[in-house]
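Student: Structure: protein11.txt, compact mmCIF, C-alpha atoms and all ligand atoms.
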```txt
# COMPACT_ATOMS: atom_id res chain seq x y z
CA MET A 1 -87.46 40.01 -72.01
CA ASP A 2 -87.26 42.90 -69.62
CA PRO A 3 -83.72 43.19 -68.36
CA TYR A 4 -83.97 46.66 -66.89
CA SER A 5 -87.47 46.75 -65.59
CA GLU A 6 -87.95 48.38 -62.27
CA SER A 7 -89.82 46.59 -59.58
CA ASN A 8 -91.82 49.64 -58.58
CA ASN A 9 -93.61 51.71 -61.19
CA ASN A 10 -93.13 55.18 -59.88
CA SER A 11 -89.91 54.87 -57.97
CA HIS A 12 -86.67 56.37 -59.15
CA GLN A 13 -84.93 54.79 -56.19
CA ASP A 14 -84.58 51.19 -57.39
CA PHE A 15 -80.92 51.37 -58.17
CA ASN A 16 -80.20 54.30 -55.93
CA SER A 17 -81.17 52.14 -52.98
CA LEU A 18 -77.97 50.18 -53.59
CA THR A 19 -75.99 53.36 -53.23
CA THR A 20 -77.83 54.21 -50.07
CA VAL A 21 -76.97 50.86 -48.55
CA ALA A 22 -73.36 51.08 -49.63
CA SER A 23 -72.93 54.56 -48.22
CA GLY A 24 -74.18 53.33 -44.87
CA SER A 25 -76.86 55.98 -44.46
CA SER A 26 -79.34 53.27 -43.55
CA SER A 27 -78.28 50.45 -41.23
CA SER A 28 -79.66 47.69 -43.40
CA PRO A 29 -78.78 44.01 -43.01
CA VAL A 30 -78.64 43.85 -46.82
CA ALA A 31 -75.32 45.69 -46.74
CA ALA A 32 -73.29 42.48 -46.44
CA SER A 33 -74.69 41.08 -49.70
CA THR A 34 -74.33 44.32 -51.65
CA PRO A 35 -70.95 43.61 -53.33
CA SER A 36 -72.07 40.32 -54.84
CA ARG A 37 -75.42 41.75 -55.86
CA TYR A 38 -73.53 44.50 -57.61
CA GLU A 39 -71.17 42.02 -59.26
CA ASN A 40 -74.09 39.85 -60.42
CA GLN A 41 -75.93 42.83 -61.80
CA LYS A 42 -72.78 44.01 -63.53
CA ARG A 43 -72.28 40.62 -65.16
CA ARG A 44 -75.91 40.57 -66.35
CA ASP A 45 -75.59 44.10 -67.72
CA TRP A 46 -72.40 43.20 -69.52
CA ASN A 47 -73.96 40.09 -71.08
CA THR A 48 -76.96 42.11 -72.21
CA PHE A 49 -74.69 44.68 -73.83
CA CYS A 50 -72.58 42.01 -75.59
CA GLN A 51 -75.79 40.40 -76.83
CA TYR A 52 -76.93 43.78 -78.09
CA LEU A 53 -73.67 44.19 -80.04
CA LYS A 54 -74.06 40.73 -81.52
CA ASN A 55 -77.59 41.47 -82.72
CA HIS A 56 -76.63 44.89 -84.00
CA HIS A 57 -77.02 45.55 -87.74
CA PRO A 58 -74.35 45.65 -88.94
CA PRO A 59 -72.73 43.54 -86.18
CA LEU A 60 -70.41 45.53 -83.93
CA LEU A 61 -67.22 44.44 -82.26
CA LEU A 62 -66.57 45.69 -78.79
CA SER A 63 -63.37 47.31 -80.02
CA GLN A 64 -65.38 49.35 -82.57
CA CYS A 65 -67.83 50.53 -79.97
CA SER A 66 -68.18 54.27 -79.54
CA GLY A 67 -70.13 56.55 -77.26
CA GLU A 68 -72.73 56.79 -80.03
CA ASN A 69 -73.29 53.03 -79.87
CA VAL A 70 -73.72 53.27 -76.10
CA LEU A 71 -76.37 55.95 -76.65
CA GLU A 72 -78.14 53.70 -79.16
CA PHE A 73 -78.13 50.99 -76.52
CA LEU A 74 -79.72 53.35 -74.00
CA TYR A 75 -82.43 54.35 -76.51
CA TYR A 76 -83.06 50.67 -77.15
CA LEU A 77 -83.51 50.02 -73.41
CA ASP A 78 -86.17 52.72 -73.13
CA GLN A 79 -88.74 50.35 -74.61
CA PHE A 80 -88.41 48.27 -71.43
CA GLY A 81 -88.72 51.29 -69.16
CA LYS A 82 -91.43 51.52 -66.51
CA THR A 83 -91.01 55.08 -65.38
CA LYS A 84 -93.65 57.53 -66.56
CA VAL A 85 -92.06 60.66 -67.98
CA HIS A 86 -94.65 63.35 -68.58
CA THR A 87 -94.53 65.47 -71.71
CA LEU A 88 -94.80 69.25 -71.56
CA ILE A 89 -98.45 69.20 -72.59
CA CYS A 90 -99.48 66.65 -69.94
CA PRO A 91 -101.49 68.18 -67.06
CA PHE A 92 -99.37 66.10 -64.68
CA TYR A 93 -96.09 67.51 -65.91
CA GLY A 94 -94.01 68.15 -62.80
CA HIS A 95 -96.30 66.11 -60.51
CA PRO A 96 -94.42 63.43 -58.53
CA ASN A 97 -97.68 61.57 -57.75
CA PRO A 98 -100.27 62.08 -60.50
CA PRO A 99 -103.84 61.35 -59.35
CA ALA A 100 -104.86 59.68 -62.63
CA PRO A 101 -103.37 57.78 -65.56
CA CYS A 102 -102.08 59.64 -68.62
CA PRO A 103 -100.77 58.52 -72.03
CA CYS A 104 -97.20 59.75 -71.49
CA PRO A 105 -94.40 57.35 -72.45
CA LEU A 106 -92.64 54.97 -70.10
CA ARG A 107 -88.87 55.31 -70.00
CA GLN A 108 -85.87 54.04 -68.13
CA ALA A 109 -85.43 56.16 -65.03
CA TRP A 110 -82.35 58.33 -64.99
CA GLY A 111 -81.10 56.68 -61.79
CA SER A 112 -81.25 53.27 -63.47
CA LEU A 113 -79.35 54.44 -66.55
CA ASP A 114 -76.74 56.26 -64.50
CA ALA A 115 -76.08 53.18 -62.36
CA LEU A 116 -76.10 50.94 -65.44
CA ILE A 117 -73.48 53.05 -67.22
CA GLY A 118 -71.31 52.96 -64.11
CA ARG A 119 -71.43 49.16 -64.03
CA LEU A 120 -70.81 48.79 -67.77
CA ARG A 121 -67.93 51.24 -67.62
CA ALA A 122 -66.27 49.08 -64.97
CA ALA A 123 -67.13 45.84 -66.78
CA TYR A 124 -65.62 47.14 -70.02
CA GLU A 125 -62.22 47.58 -68.40
CA GLU A 126 -62.46 44.33 -66.46
CA ASN A 127 -63.05 42.58 -69.79
CA GLY A 128 -59.90 43.92 -71.36
CA GLY A 129 -61.16 47.22 -72.72
CA VAL A 130 -58.71 50.11 -72.88
CA PRO A 131 -59.66 52.77 -70.31
CA GLU A 132 -58.62 55.64 -72.64
CA VAL A 133 -61.28 54.68 -75.19
CA ASN A 134 -63.93 53.39 -72.81
CA PRO A 135 -67.17 54.24 -74.70
CA PHE A 136 -69.15 54.27 -71.44
CA GLY A 137 -67.01 57.16 -70.25
CA ALA A 138 -67.49 59.13 -73.48
CA ARG A 139 -68.43 62.76 -73.19
CA ALA A 140 -71.58 62.23 -75.27
CA VAL A 141 -72.80 59.65 -72.76
CA LYS A 142 -72.18 61.95 -69.80
CA LEU A 143 -74.00 64.80 -71.53
CA TYR A 144 -76.92 62.55 -72.41
CA LEU A 145 -77.27 61.34 -68.82
CA ARG A 146 -77.18 64.90 -67.53
CA GLU A 147 -79.84 65.89 -70.04
CA ILE A 148 -82.05 62.95 -69.06
CA ARG A 149 -81.63 63.78 -65.39
CA ASP A 150 -82.77 67.38 -65.90
CA LEU A 151 -85.61 66.38 -68.19
CA GLN A 152 -86.96 63.66 -65.89
CA SER A 153 -86.49 65.71 -62.77
CA LYS A 154 -88.65 68.48 -64.26
CA ALA A 155 -91.20 66.16 -65.85
CA ARG A 156 -91.64 64.08 -62.70
CA GLY A 157 -91.29 66.87 -60.16
CA ILE A 158 -88.46 65.03 -58.45
CA SER A 159 -85.11 66.43 -57.43
CA TYR A 160 -82.37 63.90 -57.96
CA GLU A 161 -79.95 66.13 -56.08
CA LYS A 162 -81.56 65.84 -52.66
CA LYS A 163 -79.27 63.26 -51.15
CA LYS A 164 -76.08 64.79 -52.46
CA ARG A 165 -77.18 68.31 -51.52
CA LYS A 166 -77.72 67.24 -47.92
CA ARG A 167 -74.02 66.60 -47.63
CA LEU A 168 -72.70 69.32 -49.90
CA ALA A 169 -74.88 72.41 -49.88
CA PRO A 170 -78.26 71.99 -48.20
CA GLN A 171 -79.26 75.64 -48.67
CA HIS A 172 -79.33 75.51 -52.48
CA GLU A 173 -82.34 73.96 -54.14
CA ASP A 174 -81.24 74.58 -57.69
CA ASP A 175 -78.03 75.82 -59.21
CA ASN A 176 -79.01 75.74 -62.87
ZN ZN B 1 -98.37 62.44 -68.28
```
Would it be possible to restate this file's structure as structure tokens?
Tutor:
Amino acid sequence: MDPYSESNNNSHQDFNSLTTVASGSSSSPVAASTPSRYENQKRRDWNTFCQYLKNHHPPLLLSQCSGENVLEFLYYLDQFGKTKVHTLICPFYGHPNPPAPCPCPLRQAWGSLDALIGRLRAAYEENGGVPEVNPFGARAVKLYLREIRDLQSKARGISYEKKKRKRLAPQHEDDN
């Protein structure tokens, strides 16, 4: 079972490509099918999460679910990740295209997790969840995603801000 595998080993664009299509920056014929692809993916994500709750020890009800449980779910998904995230001691740390293999762990790419959380957050409310206590919108989850983004962007030598920066502030490379 590999529900969140990415089709391309070293790409962080798998899910982002959906966003690109939706924002109309590329005139792709896929655009017309995007909403249903999104809905299908959202339904699959939601089923996977509900299954995860069911198999949880002790079992968890959706109504008991907290941001901490969402984080546990994200840690759990990392075992299915296919994105190489170099450790600080790896000679390829910060290299977007390493010339050789290395033993660094494979993780879920930040872009995948970010998109996943967005879909689950919507699905939670569509399935009767109360927006005020939506665990996918919890502060801990936002902080975790931000941390992962910074960590992976440094480890992989990739700036996740590029697209946004083009629109907002092209002159700034880094505002940290
Ligand atoms: Zn490495």
Student: From the list A:Cys50, A:Ala109, A:Ala100, A:Leu151, which residue is nearest ligand ZN 1 (chain B) when using only C-alpha atoms and all ligand atoms?
Tutor: A:Ala100
Student: How would you report the residues lying within 6 Å of ligand ZN 1 (chain B), as an mmCIF file with C-alpha atoms, in the frame of the given file, if you count only C-alpha atoms and all ligand atoms?
Tutor:
```cif
data_model
loop_
_atom_site.group_PDB
_atom_site.id
_atom_site.type_symbol
_atom_site.label_atom_id
_atom_site.label_comp_id
_atom_site.auth_asym_id
_atom_site.auth_seq_id
_atom_site.Cartn_x
_atom_site.Cartn_y
_atom_site.Cartn_z
ATOM 1 C CA HIS A 86 -94.650 63.350 -68.580
ATOM 2 C CA THR A 87 -94.530 65.470 -71.710
ATOM 3 C CA CYS A 90 -99.480 66.650 -69.940
ATOM 4 C CA PHE A 92 -99.370 66.100 -64.680
ATOM 5 C CA CYS A 102 -102.080 59.640 -68.620
ATOM 6 C CA PRO A 103 -100.770 58.520 -72.030
ATOM 7 C CA CYS A 104 -97.200 59.750 -71.490
#
```
Student: Calculate how many Å separate CA of Gly118 (chain A) from CA of Arg37 (chain A), rounding to one decimal.
Tutor: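 Spanning CA of Gly118 (chain A) to CA of Arg37 (chain A) is a straight-line distance of 14.5 Å.
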Student: Per residue of region 111-169 of chain A within 12 Å of region 77-81 of chain A, record the nearest atom pair and its distance in Å to one decimal, counting all atoms listed in the file, with rows in chain order and ascending residue number, as CSV.
Tutor:
```
residue,atom,partner,partner_atom,distance
A:Gly111,CA,A:Gly81,CA,11.9
A:Ser112,CA,A:Gly81,CA,9.6
A:Leu113,CA,A:Leu77,CA,9.2
A:Leu116,CA,A:Leu77,CA,10.9
A:Ile148,CA,A:Asp78,CA,11.8
```
Student: So how many Å separate CA of Gln51 (chain A) and CA of Asp114 (chain A), to one decimal?
Tutor: 20.1 Å
Student: Please, what distance in Å, to one decimal, runs between CA of Ala140 (chain A) and CA of Tyr124 (chain A)?
Tutor: 17.1 Å
